[in-house]
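Next comes my_file-v3.cif, a file with mmCIF, C-alpha atoms.
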data_start
loop_
_atom_site.group_PDB
_atom_site.id
_atom_site.type_symbol
_atom_site.label_atom_id
_atom_site.label_comp_id
_atom_site.auth_asym_id
_atom_site.auth_seq_id
_atom_site.Cartn_x
_atom_site.Cartn_y
_atom_site.Cartn_z
ATOM 1 C CA MET A 178 -10.420 -54.401 -43.633
ATOM 2 C CA THR A 179 -7.267 -56.433 -43.227
ATOM 3 C CA THR A 180 -6.922 -58.643 -40.195
ATOM 4 C CA ILE A 181 -3.392 -59.250 -39.046
ATOM 5 C CA MET A 182 -3.148 -62.704 -37.591
ATOM 6 C CA LYS A 183 -0.803 -63.360 -34.718
ATOM 7 C CA SER A 184 2.244 -65.389 -35.597
ATOM 8 C CA LYS A 185 2.580 -68.959 -34.450
ATOM 9 C CA GLU A 186 5.486 -68.063 -32.201
ATOM 10 C CA GLU A 187 3.663 -65.148 -30.592
ATOM 11 C CA THR A 188 0.644 -67.372 -29.918
ATOM 12 C CA ALA A 189 2.891 -70.099 -28.543
ATOM 13 C CA MET A 190 4.499 -67.687 -26.101
ATOM 14 C CA GLU A 191 1.094 -66.534 -24.882
ATOM 15 C CA LEU A 192 -0.024 -70.110 -24.415
ATOM 16 C CA ILE A 193 3.111 -71.023 -22.474
ATOM 17 C CA ALA A 194 2.712 -67.925 -20.299
ATOM 18 C CA ALA A 195 -0.896 -68.883 -19.552
ATOM 19 C CA HIS A 196 0.175 -72.408 -18.620
ATOM 20 C CA TYR A 197 2.873 -71.133 -16.242
ATOM 21 C CA LYS A 198 0.328 -68.805 -14.679
ATOM 22 C CA LEU A 199 -2.383 -71.426 -14.200
ATOM 23 C CA ASP A 200 -0.204 -74.330 -13.191
ATOM 24 C CA SER A 201 1.913 -73.262 -10.246
ATOM 25 C CA GLU A 202 3.874 -76.508 -10.433
ATOM 26 C CA MET A 203 4.985 -76.037 -14.010
ATOM 27 C CA LYS A 204 8.748 -75.623 -14.037
ATOM 28 C CA ASP A 205 9.938 -75.651 -17.602
ATOM 29 C CA ALA A 206 8.775 -75.758 -21.202
ATOM 30 C CA LYS A 207 10.131 -76.638 -24.604
ATOM 31 C CA LEU A 208 8.557 -75.307 -27.752
ATOM 32 C CA PHE A 209 8.577 -77.217 -31.029
ATOM 33 C CA LEU A 210 7.716 -75.164 -34.094
ATOM 34 C CA THR A 211 7.885 -76.475 -37.617
ATOM 35 C CA ASN A 212 6.909 -75.151 -41.015
ATOM 36 C CA GLN A 213 5.408 -78.512 -41.919
ATOM 37 C CA ASP A 214 2.099 -77.803 -40.188
ATOM 38 C CA ARG A 215 0.220 -75.209 -38.131
ATOM 39 C CA ILE A 216 0.375 -77.028 -34.813
ATOM 40 C CA ILE A 217 2.047 -75.462 -31.790
ATOM 41 C CA ARG A 218 3.744 -78.267 -29.860
ATOM 42 C CA ILE A 219 4.788 -77.741 -26.257
ATOM 43 C CA LEU A 220 6.508 -80.150 -23.890
ATOM 44 C CA GLU A 221 5.959 -79.107 -20.285
ATOM 45 C CA LEU A 222 7.582 -80.173 -17.060
ATOM 46 C CA THR A 223 5.025 -80.134 -14.289
ATOM 47 C CA ASP A 224 5.135 -82.035 -11.038
ATOM 48 C CA GLY A 225 2.052 -83.941 -10.091
ATOM 49 C CA VAL A 226 1.521 -85.812 -13.333
ATOM 50 C CA PRO A 227 2.106 -89.562 -13.276
ATOM 51 C CA SER A 228 5.115 -91.144 -14.970
ATOM 52 C CA CYS A 229 4.467 -92.653 -18.355
ATOM 53 C CA SER A 230 6.117 -95.320 -20.470
ATOM 54 C CA ARG A 231 5.576 -93.286 -23.616
ATOM 55 C CA PRO A 232 4.713 -89.589 -23.665
ATOM 56 C CA SER A 233 1.434 -88.877 -25.410
ATOM 57 C CA PRO A 234 0.259 -85.458 -26.537
ATOM 58 C CA PHE A 235 -3.080 -83.885 -25.700
ATOM 59 C CA ASN A 236 -4.364 -82.050 -28.757
ATOM 60 C CA PHE A 237 -6.460 -78.910 -28.767
ATOM 61 C CA ASP A 238 -8.251 -77.089 -31.546
ATOM 62 C CA ALA A 239 -7.604 -73.446 -32.283
ATOM 63 C CA ALA A 240 -9.836 -71.153 -30.228
ATOM 64 C CA LEU A 241 -10.247 -67.900 -32.150
ATOM 65 C CA SER A 242 -12.523 -66.374 -29.527
ATOM 66 C CA GLU A 243 -9.732 -66.837 -26.979
ATOM 67 C CA GLY A 244 -7.079 -65.385 -29.261
ATOM 68 C CA VAL A 245 -5.559 -68.748 -30.159
ATOM 69 C CA PRO A 246 -5.703 -69.070 -33.962
ATOM 70 C CA TYR A 247 -3.590 -72.248 -34.156
ATOM 71 C CA PRO A 248 -4.183 -75.794 -32.948
ATOM 72 C CA SER A 249 -1.913 -76.847 -30.118
ATOM 73 C CA SER A 250 -0.557 -80.050 -28.731
ATOM 74 C CA VAL A 251 0.821 -80.446 -25.224
ATOM 75 C CA ILE A 252 2.811 -83.208 -23.556
ATOM 76 C CA LEU A 253 2.963 -83.086 -19.763
ATOM 77 C CA VAL A 254 5.753 -84.914 -17.971
ATOM 78 C CA ASN A 255 7.164 -85.029 -14.468
ATOM 79 C CA GLN A 256 10.817 -84.452 -13.586
ATOM 80 C CA LYS A 257 11.769 -88.124 -13.921
ATOM 81 C CA ASP A 258 10.390 -88.411 -17.454
ATOM 82 C CA TRP A 259 11.673 -84.953 -18.387
ATOM 83 C CA ASP A 260 15.204 -86.069 -17.509
ATOM 84 C CA LYS A 261 14.796 -89.243 -19.559
ATOM 85 C CA ILE A 262 13.653 -87.205 -22.567
ATOM 86 C CA ILE A 263 16.520 -84.731 -22.218
ATOM 87 C CA ASN A 264 18.989 -87.607 -21.931
ATOM 88 C CA GLY A 265 17.518 -89.347 -24.968
ATOM 89 C CA LYS A 266 16.289 -92.314 -22.932
ATOM 90 C CA MET A 267 12.635 -91.625 -23.664
ATOM 91 C CA LYS A 268 11.421 -90.839 -27.160
ATOM 92 C CA LEU A 269 8.882 -88.247 -28.128
ATOM 93 C CA PRO A 270 6.345 -88.779 -30.937
ATOM 94 C CA ILE A 271 7.166 -87.984 -34.576
ATOM 95 C CA ARG A 272 7.418 -84.223 -35.265
ATOM 96 C CA TRP A 273 8.554 -83.648 -31.691
ATOM 97 C CA ASN A 274 12.187 -83.351 -32.619
ATOM 98 C CA MET A 275 14.355 -82.353 -29.678
ATOM 99 C CA LYS A 276 16.893 -80.849 -32.075
ATOM 100 C CA ASN A 277 14.319 -78.206 -33.006
ATOM 101 C CA ALA A 278 13.119 -77.626 -29.449
ATOM 102 C CA ARG A 279 13.497 -74.223 -27.893
ATOM 103 C CA ASN A 280 13.543 -73.732 -24.161
ATOM 104 C CA VAL A 281 11.017 -71.221 -22.826
ATOM 105 C CA SER A 282 11.526 -70.326 -19.198
ATOM 106 C CA LYS A 283 9.013 -68.685 -16.887
ATOM 107 C CA GLU A 284 11.214 -65.579 -16.803
ATOM 108 C CA GLU A 285 11.140 -65.295 -20.585
ATOM 109 C CA VAL A 286 7.340 -65.065 -20.680
ATOM 110 C CA ALA A 287 6.874 -63.244 -17.367
ATOM 111 C CA SER A 288 5.749 -60.049 -19.069
ATOM 112 C CA LEU A 289 2.918 -61.972 -20.770
ATOM 113 C CA MET A 290 1.652 -63.377 -17.486
ATOM 114 C CA ASP A 291 0.176 -60.134 -16.117
ATOM 115 C CA MET B 75 -19.446 -92.017 -33.417
ATOM 116 C CA ASN B 76 -18.383 -88.377 -33.234
ATOM 117 C CA THR B 77 -16.678 -86.144 -30.697
ATOM 118 C CA GLN B 78 -19.897 -84.294 -29.868
ATOM 119 C CA SER B 79 -21.736 -87.435 -28.837
ATOM 120 C CA ILE B 80 -18.789 -88.712 -26.796
ATOM 121 C CA SER B 81 -18.454 -85.352 -25.093
ATOM 122 C CA ASN B 82 -22.157 -85.065 -24.427
ATOM 123 C CA ALA B 83 -22.272 -88.544 -22.917
ATOM 124 C CA PHE B 84 -19.485 -87.667 -20.466
ATOM 125 C CA PHE B 85 -21.132 -84.344 -19.686
ATOM 126 C CA GLN B 86 -24.555 -85.856 -18.950
ATOM 127 C CA GLU B 87 -22.976 -88.418 -16.628
ATOM 128 C CA ALA B 88 -20.960 -85.700 -14.884
ATOM 129 C CA LYS B 89 -24.126 -83.677 -14.276
ATOM 130 C CA GLU B 90 -25.804 -86.786 -12.884
ATOM 131 C CA ASN B 91 -22.912 -87.322 -10.452
ATOM 132 C CA PHE B 92 -22.907 -83.683 -9.378
ATOM 133 C CA CYS B 93 -26.678 -83.639 -8.908
ATOM 134 C CA ALA B 94 -26.378 -86.691 -6.632
ATOM 135 C CA ALA B 95 -23.530 -84.949 -4.747
ATOM 136 C CA LYS B 96 -25.709 -81.900 -4.127
ATOM 137 C CA ILE B 97 -28.620 -84.017 -2.858
ATOM 138 C CA LEU B 98 -26.306 -85.937 -0.549
ATOM 139 C CA PHE B 99 -24.697 -82.727 0.709
ATOM 140 C CA GLY B 100 -28.139 -81.284 1.544
ATOM 141 C CA HIS B 101 -29.055 -84.481 3.363
ATOM 142 C CA LEU B 102 -25.823 -84.504 5.358
ATOM 143 C CA LYS B 103 -26.330 -80.882 6.400
ATOM 144 C CA GLU B 104 -29.837 -81.636 7.651
ATOM 145 C CA GLU B 105 -28.683 -84.728 9.468
ATOM 146 C CA LYS B 106 -25.927 -82.820 11.197
ATOM 147 C CA GLN B 107 -28.238 -80.040 12.298
ATOM 148 C CA THR B 108 -30.622 -82.616 13.792
ATOM 149 C CA GLN B 109 -27.774 -84.270 15.666
ATOM 150 C CA MET B 110 -26.536 -80.935 16.975
ATOM 151 C CA ALA B 111 -30.064 -79.909 18.022
ATOM 152 C CA ASN B 112 -30.387 -83.187 19.917
ATOM 153 C CA ASP B 113 -27.117 -82.457 21.652
ATOM 154 C CA ASP B 114 -25.715 -85.697 20.333
ATOM 155 C CA SER B 115 -22.163 -85.862 21.601
ATOM 156 C CA ILE B 116 -21.082 -88.116 18.761
ATOM 157 C CA ILE B 117 -21.801 -86.606 15.395
ATOM 158 C CA HIS B 118 -21.967 -89.352 12.839
ATOM 159 C CA LEU B 119 -20.878 -88.202 9.456
ATOM 160 C CA ARG B 120 -21.261 -90.409 6.444
ATOM 161 C CA GLY B 121 -19.883 -88.205 3.771
ATOM 162 C CA SER B 122 -17.328 -90.347 2.005
ATOM 163 C CA SER B 123 -19.668 -91.003 -0.929
ATOM 164 C CA LEU B 124 -19.975 -87.255 -1.415
ATOM 165 C CA PHE B 125 -16.271 -87.077 -2.221
ATOM 166 C CA VAL B 126 -16.543 -90.074 -4.547
ATOM 167 C CA LEU B 127 -19.335 -88.338 -6.445
ATOM 168 C CA LEU B 128 -17.346 -85.114 -6.752
ATOM 169 C CA GLN B 129 -14.305 -86.997 -7.989
ATOM 170 C CA MET B 130 -16.434 -88.785 -10.592
ATOM 171 C CA ALA B 131 -18.151 -85.562 -11.690
ATOM 172 C CA VAL B 132 -14.914 -83.639 -12.215
ATOM 173 C CA GLU B 133 -13.237 -86.547 -13.988
ATOM 174 C CA LYS B 134 -16.118 -86.697 -16.477
ATOM 175 C CA LEU B 135 -16.309 -82.912 -16.914
ATOM 176 C CA CYS B 136 -12.629 -82.804 -17.832
ATOM 177 C CA LYS B 137 -13.105 -85.674 -20.272
ATOM 178 C CA ALA B 138 -16.185 -84.009 -21.787
ATOM 179 C CA ALA B 139 -14.210 -80.781 -22.330
ATOM 180 C CA TYR B 140 -11.335 -82.639 -23.952
ATOM 181 C CA ALA B 141 -13.620 -84.536 -26.334
ATOM 182 C CA ARG B 142 -15.550 -81.335 -27.162
ATOM 183 C CA GLN B 143 -13.354 -80.172 -29.986
ATOM 184 C CA LYS B 144 -14.067 -79.714 -33.623
ATOM 185 C CA GLY B 145 -11.034 -81.261 -35.251
ATOM 186 C CA ASP B 146 -10.184 -84.942 -35.401
ATOM 187 C CA ILE B 147 -11.897 -87.195 -32.911
ATOM 188 C CA LYS B 148 -10.219 -86.654 -29.588
ATOM 189 C CA LEU B 149 -10.993 -89.516 -27.288
ATOM 190 C CA PRO B 150 -10.598 -88.466 -23.683
ATOM 191 C CA PRO B 151 -7.674 -90.047 -21.875
ATOM 192 C CA PHE B 152 -8.469 -93.396 -20.287
ATOM 193 C CA ASN B 153 -7.253 -92.195 -16.967
ATOM 194 C CA HIS B 154 -8.822 -91.484 -13.578
ATOM 195 C CA ASP B 155 -6.057 -89.197 -12.367
ATOM 196 C CA LEU B 156 -7.861 -85.992 -11.475
ATOM 197 C CA GLU B 157 -4.644 -84.039 -11.156
ATOM 198 C CA LEU B 158 -3.596 -84.911 -14.714
ATOM 199 C CA LEU B 159 -7.098 -84.343 -16.100
ATOM 200 C CA MET B 160 -7.355 -80.932 -14.432
ATOM 201 C CA ARG B 161 -3.969 -79.921 -15.797
ATOM 202 C CA ILE B 162 -5.117 -80.923 -19.281
ATOM 203 C CA ALA B 163 -8.345 -78.927 -18.856
ATOM 204 C CA MET B 164 -6.338 -75.862 -17.800
ATOM 205 C CA ARG B 165 -4.452 -76.028 -21.062
ATOM 206 C CA ASN B 166 -7.542 -76.220 -23.221
ATOM 207 C CA PRO B 167 -7.558 -72.810 -24.954
ATOM 208 C CA SER B 168 -11.358 -72.817 -25.030
ATOM 209 C CA ILE B 169 -11.726 -72.886 -21.256
ATOM 210 C CA LYS B 170 -8.478 -71.543 -19.811
ATOM 211 C CA ALA B 171 -10.118 -68.138 -19.287
ATOM 212 C CA PHE B 172 -12.409 -69.741 -16.718
ATOM 213 C CA PHE B 173 -9.481 -71.067 -14.716
ATOM 214 C CA GLU B 174 -7.840 -67.649 -14.828
ATOM 215 C CA LYS B 175 -10.880 -66.077 -13.148
ATOM 216 C CA SER B 176 -11.633 -68.796 -10.652
ATOM 217 C CA ASN B 177 -10.902 -69.279 -7.015
ATOM 218 C CA PRO B 178 -7.866 -71.558 -6.821
ATOM 219 C CA GLU B 179 -9.115 -73.192 -3.604
ATOM 220 C CA THR B 180 -11.507 -75.461 -5.464
ATOM 221 C CA TYR B 181 -8.768 -76.642 -7.803
ATOM 222 C CA ALA B 182 -6.305 -77.126 -4.995
ATOM 223 C CA PHE B 183 -8.890 -79.270 -3.233
ATOM 224 C CA LEU B 184 -9.621 -81.332 -6.334
ATOM 225 C CA MET B 185 -6.018 -81.773 -7.404
ATOM 226 C CA LYS B 186 -4.179 -82.037 -4.129
ATOM 227 C CA GLU B 187 -6.683 -83.536 -1.700
ATOM 228 C CA LEU B 188 -9.144 -85.550 -3.735
ATOM 229 C CA SER B 189 -6.919 -86.860 -6.527
ATOM 230 C CA PRO B 190 -4.441 -88.791 -4.320
ATOM 231 C CA LEU B 191 -7.387 -90.598 -2.691
ATOM 232 C CA GLN B 192 -8.763 -91.939 -5.944
ATOM 233 C CA PRO B 193 -8.356 -95.750 -5.576
ATOM 234 C CA SER B 194 -5.970 -96.191 -8.518
ATOM 235 C CA ASN B 195 -3.706 -93.463 -7.094
ATOM 236 C CA ALA B 196 -3.957 -94.436 -3.451
ATOM 237 C CA GLY B 197 -3.258 -98.133 -3.816
ATOM 238 C CA ARG B 198 -4.489 -100.844 -1.484
ATOM 239 C CA ASN B 199 -2.730 -99.890 1.682
ATOM 240 C CA SER B 200 -3.484 -96.262 2.149
ATOM 241 C CA GLU B 201 -6.480 -94.085 2.785
ATOM 242 C CA ASN B 202 -8.753 -93.896 -0.222
ATOM 243 C CA LEU B 203 -12.192 -92.688 -1.246
ATOM 244 C CA GLU B 204 -13.959 -95.924 -1.982
ATOM 245 C CA TYR B 205 -12.485 -99.058 -0.451
ATOM 246 C CA PRO B 206 -11.305 -100.319 2.939
ATOM 247 C CA TRP B 207 -7.544 -100.326 3.492
ATOM 248 C CA ILE B 208 -5.194 -101.958 5.965
ATOM 249 C CA THR B 209 -2.733 -99.817 7.860
ATOM 250 C CA PRO B 210 0.921 -100.797 8.418
ATOM 251 C CA LYS B 211 -0.182 -101.740 11.976
ATOM 252 C CA ASN B 212 -2.693 -104.199 10.490
ATOM 253 C CA LYS B 213 -5.764 -102.193 11.344
ATOM 254 C CA VAL B 214 -8.686 -102.268 8.954
ATOM 255 C CA LYS B 215 -9.978 -98.818 8.057
ATOM 256 C CA TYR B 216 -12.709 -97.702 5.707
ATOM 257 C CA PRO B 217 -13.731 -94.398 4.100
ATOM 258 C CA ALA B 218 -17.103 -93.951 5.829
ATOM 259 C CA ALA B 219 -15.385 -93.867 9.206
ATOM 260 C CA ASP B 220 -11.767 -92.980 8.617
ATOM 261 C CA LEU B 221 -11.487 -90.530 5.772
ATOM 262 C CA LYS B 222 -9.626 -87.463 7.057
ATOM 263 C CA LEU B 223 -11.397 -85.272 4.488
ATOM 264 C CA ILE B 224 -14.668 -85.859 6.357
ATOM 265 C CA ILE B 225 -13.184 -84.422 9.506
ATOM 266 C CA LYS B 226 -11.592 -81.530 7.675
ATOM 267 C CA TYR B 227 -14.514 -80.534 5.491
ATOM 268 C CA LEU B 228 -17.698 -81.944 6.975
ATOM 269 C CA HIS B 229 -16.927 -81.689 10.672
ATOM 270 C CA ASP B 230 -16.702 -77.927 10.377
ATOM 271 C CA PRO B 231 -20.013 -76.945 12.073
ATOM 272 C CA TYR B 232 -20.816 -74.295 9.506
ATOM 273 C CA ASN B 233 -19.549 -76.205 6.463
ATOM 274 C CA ARG B 234 -17.683 -73.086 5.390
ATOM 275 C CA ASN B 235 -14.812 -74.953 3.770
ATOM 276 C CA PHE B 236 -17.041 -77.323 1.967
ATOM 277 C CA LEU B 237 -19.540 -74.672 0.927
ATOM 278 C CA LYS B 238 -16.694 -72.915 -0.874
ATOM 279 C CA ILE B 239 -15.796 -76.149 -2.651
ATOM 280 C CA MET B 240 -19.409 -76.826 -3.634
ATOM 281 C CA GLY B 241 -19.718 -73.222 -4.881
ATOM 282 C CA GLY B 242 -16.590 -73.675 -6.988
ATOM 283 C CA MET B 243 -17.973 -76.946 -8.329
ATOM 284 C CA GLU B 244 -21.266 -75.287 -9.203
ATOM 285 C CA ARG B 245 -19.387 -72.675 -11.260
ATOM 286 C CA PHE B 246 -17.312 -75.419 -12.846
ATOM 287 C CA VAL B 247 -20.457 -77.227 -14.020
ATOM 288 C CA LEU B 248 -22.004 -73.953 -15.239
ATOM 289 C CA LEU B 249 -18.901 -73.260 -17.307
ATOM 290 C CA PHE B 250 -19.244 -76.618 -18.984
ATOM 291 C CA ASN B 251 -22.903 -75.919 -19.659
ATOM 292 C CA LYS B 252 -21.753 -72.810 -21.553
ATOM 293 C CA ILE B 253 -19.104 -74.695 -23.491
ATOM 294 C CA MET B 254 -21.618 -77.327 -24.481
ATOM 295 C CA ARG B 255 -23.977 -74.691 -25.842
ATOM 296 C CA VAL B 256 -21.472 -72.718 -27.908
ATOM 297 C CA SER B 257 -19.463 -75.515 -29.436
#
Could I get this file's structure written as structure tokens?
Amino acid sequence: MTTIMKSKEETAMELIAAHYKLDSEMKDAKLFLTNQDRIIRILELTDGVPSCSRPSPFNFDAALSEGVPYPSSVILVNQKDWDKIINGKMKLPIRWNMKNARNVSKEEVASLMD
Amino acid sequence: MNTQSISNAFFQEAKENFCAAKILFGHLKEEKQTQMANDDSIIHLRGSSLFVLLQMAVEKLCKAAYARQKGDIKLPPFNHDLELLMRIAMRNPSIKAFFEKSNPETYAFLMKELSPLQPSNAGRNSENLEYPWITPKNKVKYPAADLKLIIKYLHDPYNRNFLKIMGGMERFVLLFNKIMRVS
């Protein structure tokens, strides 16, 4: 029997949708996908998290039983830090290259939130 | 040192805190019933430590869940901010399903009412869970007497609000028990 594994992008979209659904204060997300490794990296704007001097990712293992076959890494920032990152005044860690970031709005993943 | 032992240490301490919270809650309920039966016009409520214990339990549960991963060692964040820690826990693929099924009232309470009162969030001059504070009018206040949460949650004669919170907490701890067994 052949098992078709979900793509990294498909999994990322599901994860982002779940985060929007669970965190009512999440306003925006940027997805960083690279061919260099298997990690799904997501930068999320959510009010209620403290400001930081340097954004640090929280890393999670893959969870096959939950339909997440890739490890993920999430950075949570508030509006103030989000603006600094967008304006290039705050740097993200290596492999979090803003040039490769893709915006994922709540509307874009709305169909996955049901 | 490995992630399992770090996680287990946080989990055992969280259970200890929650167990103490449950004992204190039972004691406070009994005390209140006695006061009401005696027609005591002033009901003395000393429940601030209950909130401290809940804050400590949830903080450690979130840290235990974060450390409980199989990859590289993931030290839990050195942070007491319950709101941040809860948001991290929600994004943990291994436990997000639990949050999806749960009553949001417990999480709203933990993130929006308890978290700002944690001493490092509240600062020295505003209401907080553990230490006396001084108001802008130079009045000294302290949690045992002046915590608004006590009025809101423990002054309710039937403890309905707080029973919901304790029920949510119980499920939260049970979930972590499951995670600890399967991972």
message: Using the chain letters and numbers from this file, what does the PyMOL selection byres ((chain B) within 8 of (chain A)) select? Give the answer as a ChimeraX atom specification.
response: /B:140,143-145,148,157-158,161-162,164-168,171,173-174
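Evaluated against the shown file, the PyMOL selection byres ((chain A and resi 214-216) around 9) gives Lys185, Leu210, Thr211, Asn212, Gln213, Ile217, Arg218, Tyr247, Pro248, Ser249 and Ser250 of chain A.
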field: Exercise: residues within 7 Å of coordinate (10.0, -71.5, -24.7), counting all atoms listed in the file, as a PyMOL selection string
entry: chain A and resi 190+206-208+279-282
- line: Expressed in Å, the length from atom CA of A:Leu269 to atom CA of B:Leu159 is 20.4 Å
message: If we count all atoms listed in the file and set the cut-off at 8 Å, which residues sit around B:Pro193, ignoring sequence neighbours fewer than 3 positions away in its own chain? Please answer as a ChimeraX atom specification.
response: /B:196-198,202-205
Test item: axis-aligned box, all listed atoms of stretch 216-229 of chain A, 6 Å on each side, centre and edges in Å rounded to one decimal, as lines of an AutoDock Vina configuration file:
center_x = 4.0
center_y = -84.1
center_z = -22.5
size_x = 19.2
size_y = 29.2
size_z = 36.7
- prompt: Please, what distance in Å, to one decimal, runs between atom CA of B:Gln78 and atom CA of B:Glu90?
  reply: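 According to the coordinates, atom CA of B:Gln78 and atom CA of B:Glu90 are separated by 18.2 Å.
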task: Skip B:Ile239 itself and residues of its chain fewer than 4 positions away, then list as a list in words all residues within 7 Å of it, counting only C-alpha atoms.
output: Thr180, Asn235 and Met243 of chain B
task: With the file shown as input, list the residues that the PyMOL selection byres ((chain B and resi 122) around 9) selects, as a list in words.
output: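 Selected by the PyMOL selection byres ((chain B and resi 122) around 9) here: Leu119, Arg120, Gly121, Ser123, Leu124, Phe125, Val126, Leu127, Leu203, Glu204, Pro217, Ala218, Ala219, Leu221, Leu223 and Ile224 of chain B.
As for atom CA of B:Thr77 and atom CA of B:Asn91, they are spaced 21.2 Å apart.
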